[in-house]
Structure formats: C-alpha cells, structure tokens
Amino acid sequence: MREYNFYEVEKKWQKIWEEEKILRAGDFPEKKFYVLVMFPYPSGDLHMGHCRNYVIGDVIARKKKMEGYDVLHPFGWDSFGLPAENAAIRRKIHPREWTFKNIEESREDIKKMGILYDWDREIFTCKPDYYKWTQWLFLLLFKRKLAYRKKAFVNFCPSCKTVLANEQIAHGRCERCGKEVTKKELEQWFFKITDYAERLLKDLEKLEGKWPERVIEMQRNWIGKSEGVEIDFIFEENKDIKLKVFTTRADTIYGVTFLTISPENEIIKEIIKNSEYKNEVLRYIERSLKISEIERASILREKTGVFTGKYAIHPFTGEKLPIFVGDYVLAHYGTGIVMGVPGHDQRDFEFARKMNLKIKIVIKPFDSEIGEEIERAYEEYGIMINSGEFTGLDSKNGIEKVCEKLEKMGLGRKSISFRLRDWLISRQRYWGAPIPIIHCENCGIVPVNEKDLPVLLPEKVDYIPKGRSPLETNEEFMNTTCPKCKNKAKRDPDTMDTFVDSSWYYLRYIDPKNDKEIFDKEKIKRWLPVDEYIGGAEHATGHLLYSRFITKVLYDEGLIPFDEPFERLFTQGMVLRRTPDGNVEMMSKRAGNAVTIREFTKDWGADIARINILFAGPPERDFEWTDEGVQGAKRFLLRVWKLFNENEEVFKKAILEINKEKLSEKEKELYKLTHIYFKRVSEDIENYKFNTAIAALMEWMNHLYSFPLKLSEIFGYSLNFFCIALSPFAPHMAEEIWSKKERGSILKEKWQKWDEKVIEEEEVTIVVQINGKVRGKIKVKKGKNEEEIKEMAFSLPNVKRYIENKEIVKVHYVPDKILSIVIK
RNA sequence: GCCGGGGUGGCGGAAGAGGUAGACGCUGUGGACUUAAAAUCCACUGGGAAGUAAUUCCCAUGAGGGUUCGAGUCCCUCCCCCGGCACCA
C-alpha cells in the first residue's frame, strides 16, 4: 500500500488551488452566497485557537461552491490598533513594519490550513486606500449630524494613556491591560448611536432564529430600553428651575422623601449658588470624580452623599424635599437625578439610612400587610397606600394614573430611557485613521474636503504615549490651512477607534479596489447582505452593534438597500488546551499551550487539524485540543486512505449514476445507506453540526469496510460520494483521492441534493413496550395495520410472559414505530 | 441581584417535533501480528443481578415532584457550573 504523506500532498494541492484561483468571485453573481469570517487582528504566528472560525467558514464555502453557488469568501486584516503600537514601542520598530510582517506570516499560516479565500479582494484597514473611506464615512456621519464633539468625562486608562469606549471596559478595568479606569474631562468625538437605539432594538426581531439567542439578548440588555415617566420637581427658591427625574415607578411618588443628583450634573451649580453648604458640596464632587469607576460602581461600597442645603417641592403634596448630591446616581442614565424612595428602592433605602432620612411606605404586598419598620425596601408591585387619591390602586395601574395627573399639571410626561450611550471614537493614539477634521480659529470645526482624502497618517511621530495624541508631535502634519477661510489652522490630532474600521469592512470586500467611491452600489446590491457571518461571541455588544448601526446610517443615506448587514450569525467557542502547569486554558502564546499552524501542519497536516477541530464537539462550545484527538483524526484519515487504496479500481471505474432497479437486496441496502449518509452530512453542515457530520462519515466508512461485495458497481458509487462528502472537511486528501479519476478538482463536482423518495425504508423495526418498558422488537414491512402488529407482538415469548394472566388495560399503536401495551 | 446557556458512561459528546438512552470517537482490558515495541487489525467496554449459554431482569440522563401508554426531551420546586450585565432608578 502506498504511504500517504500529508505534508507533500497538502503542499501540492494548495499550490494548485492557488494557481487555479479556484475560489475567485465575480462582481455580478447569479446565485450568490457570501460567507464571511470576522477578520483578525494580525498577531503573527497563528495557532489552532485562531483558526477555528476560518475552518468552519471554509467548510461552508466549499460545500456552497459545490452546490453551484457563486461563493464570496474574502479575507482581510483589521490592522490598525493598540497592540501594533505597543509591540512597536517595545521593539523599537515602526508599527507598520511590525504589522505587515505579521500579516505575511499569518497569511501563509492560513493557506497552510487549506482555507480558500479570494485573495484578490484582500483588504487592510491600515492602508490609505482603505482608511480613506473610513474617513469618508466619518464625514458622512458628520454631515448627518451623527458625529459630534463634546467635552465630557470619559473613561481613561492611566496605563495605556488613552480614552476607552464603554465596550472596552470590563468590570471597571481596561480590557487590554487590566488597569482600573479613571475619569478625565476631554473634548472628544462621539458617534450618535443613541439616535438609533430604538431601531437597533426593534430590528433584533428580524434576527430572531438566525442569530444566536444569547447574542440577541446581550444586545437587548446592552441597549437597555426602559419605559417610565419624567417628573419635574420645582426648586423651592426659584420656580424656573426644574429638577427633572426619570422613574419607572411613578406609583411610588408618595414615598419620595428626597432627591439625589449625580456629581457630574451641571445643575448643581445653580442649586448651591447661595448655599451655606457650597464648599462641602464642591469638595464632595471633586472627590467623587477622582475615584475610579470600579470603586464608585461597587455595590458593596457604602452610599455616600452630601446635603445641598436646598429643597424641592413634591408635585402632589407640596412637601419640602431635601436635595442631595450622591455618587450612587449615574450621570448618563435618565436625567442624572433620581427621586429618593427609600421605602421601595433598596439603593435609596441604604442612602436614607446613612443620611437619617424619612422612610415612607406607600406600597403594600397584595396579600399581606407591611409594617412601618422595614429591614429592606419592598421593591415589588402591590397595593398603593398612603397615596392620596391613588390609595387602594394596584400599583402597576397606578403608574399610568400618576402619570396622567402629572401630565395635566404640566409636571410630568411619559419617557423612555436607554442604557446605551453614544459611541466615543476619539483615541489619543498613533496607529489609527486620522480624524478628517480641521480646527480653525475663525471657522471653528471644519471637515476636510472629500477630494483631500485621505488625511495621511504621518510617518514620523513620537508615538510613546503621554496622554496626548502622538500626532501632535508632528508639526508638518498638524499645521494646515482651513478649507473654508484658507487661514492657518490645526488638524485634529486624534485617530479613530478601530471599531470604526471594522464597522463597514464587509462592504469593502465587494469593491476593494474602487478609488472613486466607497463601493459600487450595483455590486453591493448583488452581494449583500452577508449570508453567513462567523466569529467570536466576544463581539456581541461591540463590533456587531456598531456594524448594525453603520449599516442603518448607510441605508438612511440611500447607499445600500438593506438595513441589517448579517443575515445569519454563528459564534464559535474557544479552543482550550492543557498548559504546562496542568490547567486547561484558552490556547495562547502567553499561556504556553499554543499549537502553531506552522509546526502542526509540518508534523501532522492540515486535514488532521481540521478534522480534530471539527469533530471534537459542537462548534459553538469550547473544546479542549488533545493529543488523543489528533491521533483519532489521523487514524480516521489513514483508514479512509486505505479504503480507497484497496479499492482503487472499482472507485476509478465507477460513475456518479447507477440504475437501482438492477441491484440485489444487499446492494440496494448500500445504495440506500449512501444516500442517507450523504444527506446527513449535508444537513449537518447546513446546521453547523460538523461533529455529527464527521461521525456520519465514520459510520459510512465502517460500513464500506464491512460491505462484502467490494467489486460491485454500487460499492464504487458509494466510494465516489463518500469522497465528495469528505472533501469540505479534509480537502487535500479528498483531492488526492479524486485525482485518480482524472476529472479535475473535486470542487468542480456537484454536491447532490437527493430527495426523500430515494431513501425510503420499506422495512421498519417496531418496538413493543409493556408499561413503558421495551419487551420486544418486530421487524416488518412498512404500513402493517394495528391488528397484524398486535397479533405478532402478543405471540412473542417475552411479551407472552408479561401479559399472561394480566388484564390488558390499553394498547396504543404508533404506526411503524411503537406498540405500547398497558397491563394491570 | 438580573438576563442568557448548560448539567447524559472513565472522557469528548449523540439522541427532527415526547417513542429502542449512550451514535461516533477517545481511553481501558483481552487477543492477533512482531524477537520485542510502535503502528495496524479483531473482540469487549454505564452500574448491578441471574444463567453453561443464547438471553433475561433491575437501576441509570444534577435532585425531588408532576403530566403521559411512554419523559434526557414538556410543567413545577430546588441545587450546581459557565457566559454576559451589574447602584440602569
């Protein structure tokens, strides 16, 4: 038997695929299929943890290609960003140099895995021909009043010395370096994603059933819509000043005993203007803005606050309500002021206890009484008490009634609050797309003219982080003229968040070389939306939300005819592996448990890696890479090779059609099974069940080994379809086997869609149950009636044993499946 | 705390829409081949009991209840693990 050399065979076929450009896509497809994998940050030496989603995408792309689709399967590099800069600082080389070196390495690795992309469409977000259009997109948002600048307290990482977006903070710490995030007041650019909150939420319905439920749910929570009432509390000293409060529990309004304002709120200045507590308040504000987000947000932390010395008026009772400043109130949510209802909100309860404030009970449980002295706030709905005209109402209905009264008084209105905040896109970093804005002393903020794009990233800057943008260190870049008045002006020194780059890249693949416009509308119409998008779930509330937002903006501008970019989404699990110290962790260079593509494909081969990755478990779940798994994959593939070797002649001779009428009983069975297995593989790929697809191939193979008539025509027929079904998973071996037939690449073969009738079973096994337990089985022709089955069942010795001398209570027959007998 | 997803052999995991629980693989044990080992091939491999045997029975899908002729799958209560959010008023 001929040996199989994985390394040589794989090299050979990768070269052929490359030369034949076998997966190049045209601009105007007939029957399109756009399969996209989340493009990576180029980190150099790739390992198995990096490529799970590429393997998944490749299986789908190959199958769709064979099904006759025009397949678009592109690849690119999300190549701006902090790591390049950090690595470059460490190694004292330019970020670009480091980035492109990594890209070269990573691209080779991906090819070594046998993954087919249309490399003619490769994109690089860090190249001017790409970021020109990122800047163009910025200008579009600016034009549509969706990009704005404001002085704001922003999240700042003291270690990376840069501003962070909400999405880049995890548990109050910088996602990248783990340092606690602090607050800093800076002029920053924002994208007004909150304008789209309602649509981003609503359109999640369109994705139901096509995106993973948990991603949809995460976005829902992230957008965080709540419906409530905005209530005006009049400032006692000056009736023109209204303290606006947002609440979802207007039913508790009679329980309000104080108001609390967040320290960031500008209105405080007005409130304390002539207060004897002024200095105390200012000191408190200063202190709370300094402490880190993580400290401030800690639930365990005791509530703190300070009295302003001033009062507001309760809209219904006219009572004087003391006004406090407290940092447990969030600045960005609702109005930044809350009404304190200590009886029915645990946070207010804690604050009231600390500050010795009155606690009023205004809601009681439906079925019990509630005392004056409570240990914690009663937060459920119930019956309204001590609530004037509303007393006795179900509090859920009370919300509506209270709101109506406030509306009549002109002191309240229905209101909706979102948890989602605007997208902060300014970064004080070098390796990103410059913001195409010019600051002019006369004209203010002026956008760069479209014809002057791209604003090129200057080559020479001092990019050691100092908390200011590195671009400021390049005079030549900074000094420019105002496009409006032609006077001297300065460029904006910041670069854009890299999530801006990746929020539209799936569109650029369609027309990657277009230097006249961001993309050709006609081509986009033909290819988009993306049919299958594959990537990590960690992007649920970042990239995937931003992309949806940008898509909607482009839709509103009339540039694209769809408003959701990704038709179906699949999120794969992580690849884990045991580390040298025995823990099972995510595969990474740092943990010392990486299996690199380069090493592995040299020693074992890409097909083995692919089978191992896909067979180890369901693709949405994490899996552990083990040596045993690798061995198993190898054993399977060598057994496949041996099977074809031993039966080469019959395989070569066989054609892809057969006259089933002439087949013997034994042969018919294999004919039937061939179709069943092939269908299972097909459907399992369609449903992302690659593990069971490979299990079906294994069963099929085992069956072929034990099939006695190895010289029959049907055997060759089955071998042929086995090879086709194998090809998306182990493409190199499949090609090598297929090449014996001298029909060209297996990718040009047709992936069959067989109908149900071919595989109709004429014999079935009927299970006989007695009181729910299996007591016998009968093999019969399909479609026997109940009487016949009963007769056969009752004559089975084992069944007889049970029903003898017993009363039969009931017999239940499910045609061709089960006969269930109930005895006493 | 809230929201999602899960708990099935020694392990990874299978079980359209309630219908033979444990597919497929790994590991392990025994055997064949070999001077020997590796590789390969064959058999067995959830636990327990009876039988020389073929076979048969009991128990078993986190725990406890329920619906049903029949529950891993549906309903209720509880426990544990993973992921996300977290003072969101």
# chains A, B, ... in the order shown; residues from 1 in each chain; ligands from 1
>>> interface_residues(of="chain B", to="chain A", cutoff="9 Å", atoms="only C-alpha atoms (C1' of nucleotides)", output="PyMOL selection string")
chain B and resi 3-5+12-14+19-20+23-27+56+69-70+84-89
>>> write_last_selection(atoms="N, CA, C and O atoms (P, O5', C5', C4', C3', O3' and C1' of nucleotides)", output="compact mmCIF listing (two decimals), in the first residue's frame")
# COMPACT_ATOMS: atom_id res chain seq x y z
P C B 3 -34.44 37.35 35.41
O5' C B 3 -33.63 37.42 34.05
C5' C B 3 -33.91 38.44 33.10
C4' C B 3 -32.88 38.40 32.01
C3' C B 3 -32.62 37.02 31.44
O3' C B 3 -33.66 36.63 30.56
C1' C B 3 -30.55 38.07 31.84
P G B 4 -33.79 35.08 30.16
O5' G B 4 -32.75 35.07 28.97
C5' G B 4 -32.39 33.85 28.44
C4' G B 4 -31.02 33.94 27.85
C3' G B 4 -30.40 32.56 27.76
O3' G B 4 -30.91 31.89 26.62
C1' G B 4 -28.85 34.01 28.77
P G B 5 -31.60 30.45 26.88
O5' G B 5 -30.32 29.51 26.84
C5' G B 5 -29.34 29.70 25.83
C4' G B 5 -28.05 29.06 26.23
C3' G B 5 -28.17 27.64 26.75
O3' G B 5 -28.31 26.73 25.68
C1' G B 5 -26.70 28.88 28.13
P G B 12 -16.28 15.08 29.65
O5' G B 12 -16.03 15.20 28.08
C5' G B 12 -14.93 15.96 27.60
C4' G B 12 -14.95 15.96 26.09
C3' G B 12 -16.28 16.30 25.46
O3' G B 12 -16.51 17.70 25.47
C1' G B 12 -15.35 14.44 24.35
P G B 13 -17.97 18.28 25.48
O5' G B 13 -18.49 17.73 24.10
C5' G B 13 -19.86 17.42 23.89
C4' G B 13 -19.92 16.37 22.81
C3' G B 13 -21.31 15.94 22.42
O3' G B 13 -21.71 16.74 21.30
C1' G B 13 -20.06 14.04 23.03
P A B 14 -23.19 17.00 21.01
O5' A B 14 -23.47 15.78 20.05
C5' A B 14 -24.13 14.69 20.59
C4' A B 14 -24.43 13.72 19.52
C3' A B 14 -25.93 13.63 19.27
O3' A B 14 -26.24 14.40 18.14
C1' A B 14 -25.09 11.56 20.04
P G B 19 -39.10 11.53 20.96
O5' G B 19 -39.39 9.98 21.04
C5' G B 19 -39.13 9.28 22.25
C4' G B 19 -39.39 7.82 22.03
C3' G B 19 -39.00 7.32 20.64
O3' G B 19 -38.49 6.02 20.78
C1' G B 19 -41.29 6.92 21.00
P U B 20 -36.91 5.81 20.99
O5' U B 20 -36.92 4.23 21.24
C5' U B 20 -37.56 3.68 22.39
C4' U B 20 -36.76 2.50 22.84
C3' U B 20 -35.33 2.85 23.25
O3' U B 20 -34.95 2.04 24.36
C1' U B 20 -35.30 1.28 21.49
P A B 23 -23.04 4.24 21.77
O5' A B 23 -23.06 4.35 20.18
C5' A B 23 -24.18 3.87 19.45
C4' A B 23 -24.44 4.77 18.26
C3' A B 23 -23.19 5.16 17.45
O3' A B 23 -22.86 4.15 16.52
C1' A B 23 -24.49 7.08 17.88
P C B 24 -21.41 3.54 16.48
O5' C B 24 -20.51 4.82 16.20
C5' C B 24 -20.50 5.45 14.92
C4' C B 24 -19.67 6.71 14.98
C3' C B 24 -18.30 6.55 15.63
O3' C B 24 -17.34 6.03 14.73
C1' C B 24 -19.36 8.44 16.54
P G B 25 -16.22 5.06 15.29
O5' G B 25 -15.39 6.01 16.26
C5' G B 25 -14.44 6.92 15.72
C4' G B 25 -14.03 7.92 16.75
C3' G B 25 -13.10 7.45 17.85
O3' G B 25 -11.78 7.28 17.39
C1' G B 25 -14.74 8.88 18.76
P C B 26 -10.82 6.24 18.11
O5' C B 26 -10.52 6.93 19.51
C5' C B 26 -9.77 8.14 19.57
C4' C B 26 -9.76 8.65 20.97
C3' C B 26 -9.17 7.71 22.02
O3' C B 26 -7.75 7.70 21.98
C1' C B 26 -11.15 8.67 22.86
P U B 27 -7.00 6.33 22.25
O5' U B 27 -7.29 6.09 23.79
C5' U B 27 -6.76 6.97 24.78
C4' U B 27 -7.37 6.66 26.12
C3' U B 27 -7.12 5.24 26.63
O3' U B 27 -5.83 5.11 27.20
C1' U B 27 -9.40 5.79 26.93
P U B 56 -33.50 -10.83 25.39
O5' U B 56 -33.88 -10.93 26.93
C5' U B 56 -34.97 -11.75 27.34
C4' U B 56 -34.95 -11.91 28.84
C3' U B 56 -35.01 -10.63 29.64
O3' U B 56 -36.33 -10.11 29.70
C1' U B 56 -33.39 -12.06 30.59
P C B 69 -52.33 8.08 29.56
O5' C B 69 -51.24 6.94 29.40
C5' C B 69 -51.44 5.66 29.99
C4' C B 69 -50.41 4.70 29.47
C3' C B 69 -48.97 5.25 29.51
O3' C B 69 -48.39 5.05 30.78
C1' C B 69 -49.40 4.33 27.38
P G B 70 -47.54 6.19 31.43
O5' G B 70 -46.31 6.28 30.44
C5' G B 70 -45.35 5.22 30.43
C4' G B 70 -44.35 5.43 29.33
C3' G B 70 -43.60 6.76 29.38
O3' G B 70 -42.52 6.68 30.28
C1' G B 70 -44.35 6.36 27.18
P G B 84 -17.91 36.88 30.31
O5' G B 84 -19.22 37.74 30.04
C5' G B 84 -19.55 38.15 28.72
C4' G B 84 -20.92 38.75 28.71
C3' G B 84 -21.11 39.95 29.63
O3' G B 84 -20.59 41.13 29.07
C1' G B 84 -22.93 38.48 29.89
P C B 85 -19.91 42.22 30.04
O5' C B 85 -21.18 42.84 30.77
C5' C B 85 -22.12 43.61 30.01
C4' C B 85 -23.32 43.89 30.84
C3' C B 85 -23.08 44.65 32.14
O3' C B 85 -22.84 46.02 31.94
C1' C B 85 -24.55 42.87 32.56
P A B 86 -21.64 46.71 32.78
O5' A B 86 -22.22 46.74 34.25
C5' A B 86 -23.41 47.44 34.50
C4' A B 86 -24.07 46.84 35.70
C3' A B 86 -23.53 47.27 37.05
O3' A B 86 -23.95 48.59 37.31
C1' A B 86 -24.16 44.98 37.09
P C B 87 -23.33 49.40 38.50
O5' C B 87 -24.70 49.81 39.19
C5' C B 87 -25.57 48.82 39.69
C4' C B 87 -26.59 49.49 40.58
C3' C B 87 -27.24 50.71 39.94
O3' C B 87 -28.63 50.72 40.25
C1' C B 87 -26.23 51.29 42.00
P C B 88 -29.58 49.78 39.38
O5' C B 88 -29.76 50.54 38.01
C5' C B 88 -30.53 51.71 37.93
C4' C B 88 -31.03 51.89 36.51
C3' C B 88 -31.48 50.58 35.86
O3' C B 88 -32.57 50.80 35.03
C1' C B 88 -29.65 51.49 34.66
P A B 89 -33.95 50.87 35.11
O5' A B 89 -34.46 51.52 36.47
C5' A B 89 -35.21 52.70 36.42
C4' A B 89 -35.30 53.27 37.80
C3' A B 89 -35.71 54.75 37.86
O3' A B 89 -37.10 54.93 37.74
C1' A B 89 -33.87 54.38 39.29
>>> residues_around(residues="B:U45", least_positions_apart="2", cutoff="12 Å", atoms="only C-alpha atoms (C1' of nucleotides)", output="NGL selection string")
:B and (9-10 or 27-30 or 43)
>>> atom_distance(atom1="atom CA of A:Glu763", atom2="atom CA of A:Lys784")
10.4 Å
>>> select_by_dssp(residues="stretch 591-822 of chain A", states="alpha helix (DSSP H)", output="ChimeraX atom specification")
/A:597-603,606-615,627-646,648-653,665-686,690-706,713-726,731-738,786-794,797-803
>>> residues_around(residues="A:Lys401", least_positions_apart="2", cutoff="12 Å", atoms="only C-alpha atoms (C1' of nucleotides)", output="list in words")
Val229, Arg249, Ala250, Asp251, Thr252, Ile253, Met384, Ser387, Glu389, Phe390, Thr391, Leu393, Asp394, Ser395, Lys396, Asn397, Gly398, Ile399, Cys403, Glu404, Lys405, Leu406, Glu407, Lys408, Gly412, Arg413 and Lys414 of chain A
>>> residues_around(residues="A:Ser712", least_positions_apart="5", cutoff="12 Å", atoms="only C-alpha atoms (C1' of nucleotides)", output="PyMOL selection string")
chain A and resi 647+649-651+653-654+658+662-664+666-668+670-671+704+707+717-719
>>> atom_distance(atom1="atom C1' of B:G72", atom2="atom CA of A:Glu620")
20.5 Å
>>> select_by_dssp(residues="stretch 433-570 of chain A", states="strand (DSSP E or B)", output="list in words")
Pro434, Ile437, Ile438, His439, Cys440, Gly444, Ile445, Val446, Pro447, Asn479, Thr480, Thr481, Lys488, Ala489, Lys490, Arg491, Thr495, Met496, Val530, Glu532, Tyr533, Ile534, Gly535, Gly536, Phe566, Leu569 and Phe570 of chain A
>>> atom_distance(atom1="atom CA of A:Asn279", atom2="atom CA of A:Lys320")
22.8 Å
>>> residues_around(residues="B:U8", least_positions_apart="2", cutoff="9 Å", atoms="only C-alpha atoms (C1' of nucleotides)", output="count of residues only")
4
>>> residues_around(residues="A:Thr495", least_positions_apart="3", cutoff="9 Å", atoms="only C-alpha atoms (C1' of nucleotides)", output="list in words")
Ile425, Ser426, Arg427, Gln428, Arg429, Tyr430, Trp431, Gly432, Ala433, Pro434, Ile435, Ser469, Leu471, Asp492 and Thr498 of chain A
>>> write_last_selection(atoms="N, CA and C atoms", output="short mmCIF file (atom, residue, chain, number, x, y, z; two decimals), in the first residue's frame")
data_model
loop_
_atom_site.label_atom_id
_atom_site.label_comp_id
_atom_site.auth_asym_id
_atom_site.auth_seq_id
_atom_site.Cartn_x
_atom_site.Cartn_y
_atom_site.Cartn_z
N ILE A 425 -15.39 57.79 19.87
CA ILE A 425 -14.47 57.24 18.86
C ILE A 425 -13.09 57.87 18.84
N SER A 426 -12.85 58.93 19.59
CA SER A 426 -11.51 59.55 19.59
C SER A 426 -10.51 58.69 20.37
N ARG A 427 -9.35 58.57 19.81
CA ARG A 427 -8.28 57.86 20.52
C ARG A 427 -7.01 58.70 20.46
N GLN A 428 -6.34 58.84 21.60
CA GLN A 428 -5.08 59.59 21.62
C GLN A 428 -3.94 58.64 21.32
N ARG A 429 -4.01 58.11 20.10
CA ARG A 429 -3.05 57.09 19.71
C ARG A 429 -2.58 57.33 18.30
N TYR A 430 -1.46 56.70 17.96
CA TYR A 430 -0.89 56.90 16.64
C TYR A 430 -1.50 55.97 15.59
N TRP A 431 -1.51 54.68 15.85
CA TRP A 431 -1.79 53.69 14.81
C TRP A 431 -3.30 53.52 14.55
N GLY A 432 -3.86 54.54 13.89
CA GLY A 432 -5.28 54.53 13.57
C GLY A 432 -5.54 55.51 12.45
N ALA A 433 -6.80 55.58 12.01
CA ALA A 433 -7.14 56.51 10.93
C ALA A 433 -7.32 57.91 11.50
N PRO A 434 -6.58 58.90 10.99
CA PRO A 434 -6.73 60.27 11.49
C PRO A 434 -8.16 60.77 11.28
N ILE A 435 -8.62 61.55 12.24
CA ILE A 435 -9.96 62.11 12.13
C ILE A 435 -9.91 63.29 11.15
N SER A 469 -2.27 63.09 22.00
CA SER A 469 -2.12 62.31 20.78
C SER A 469 -0.71 62.44 20.22
N LEU A 471 0.17 62.33 17.26
CA LEU A 471 0.19 63.11 16.02
C LEU A 471 0.56 64.58 16.28
N ASP A 492 -7.10 67.90 13.58
CA ASP A 492 -7.48 67.16 14.77
C ASP A 492 -6.39 66.12 15.01
N THR A 498 -10.63 51.67 16.39
CA THR A 498 -10.54 50.68 15.30
C THR A 498 -11.87 50.00 15.02
#
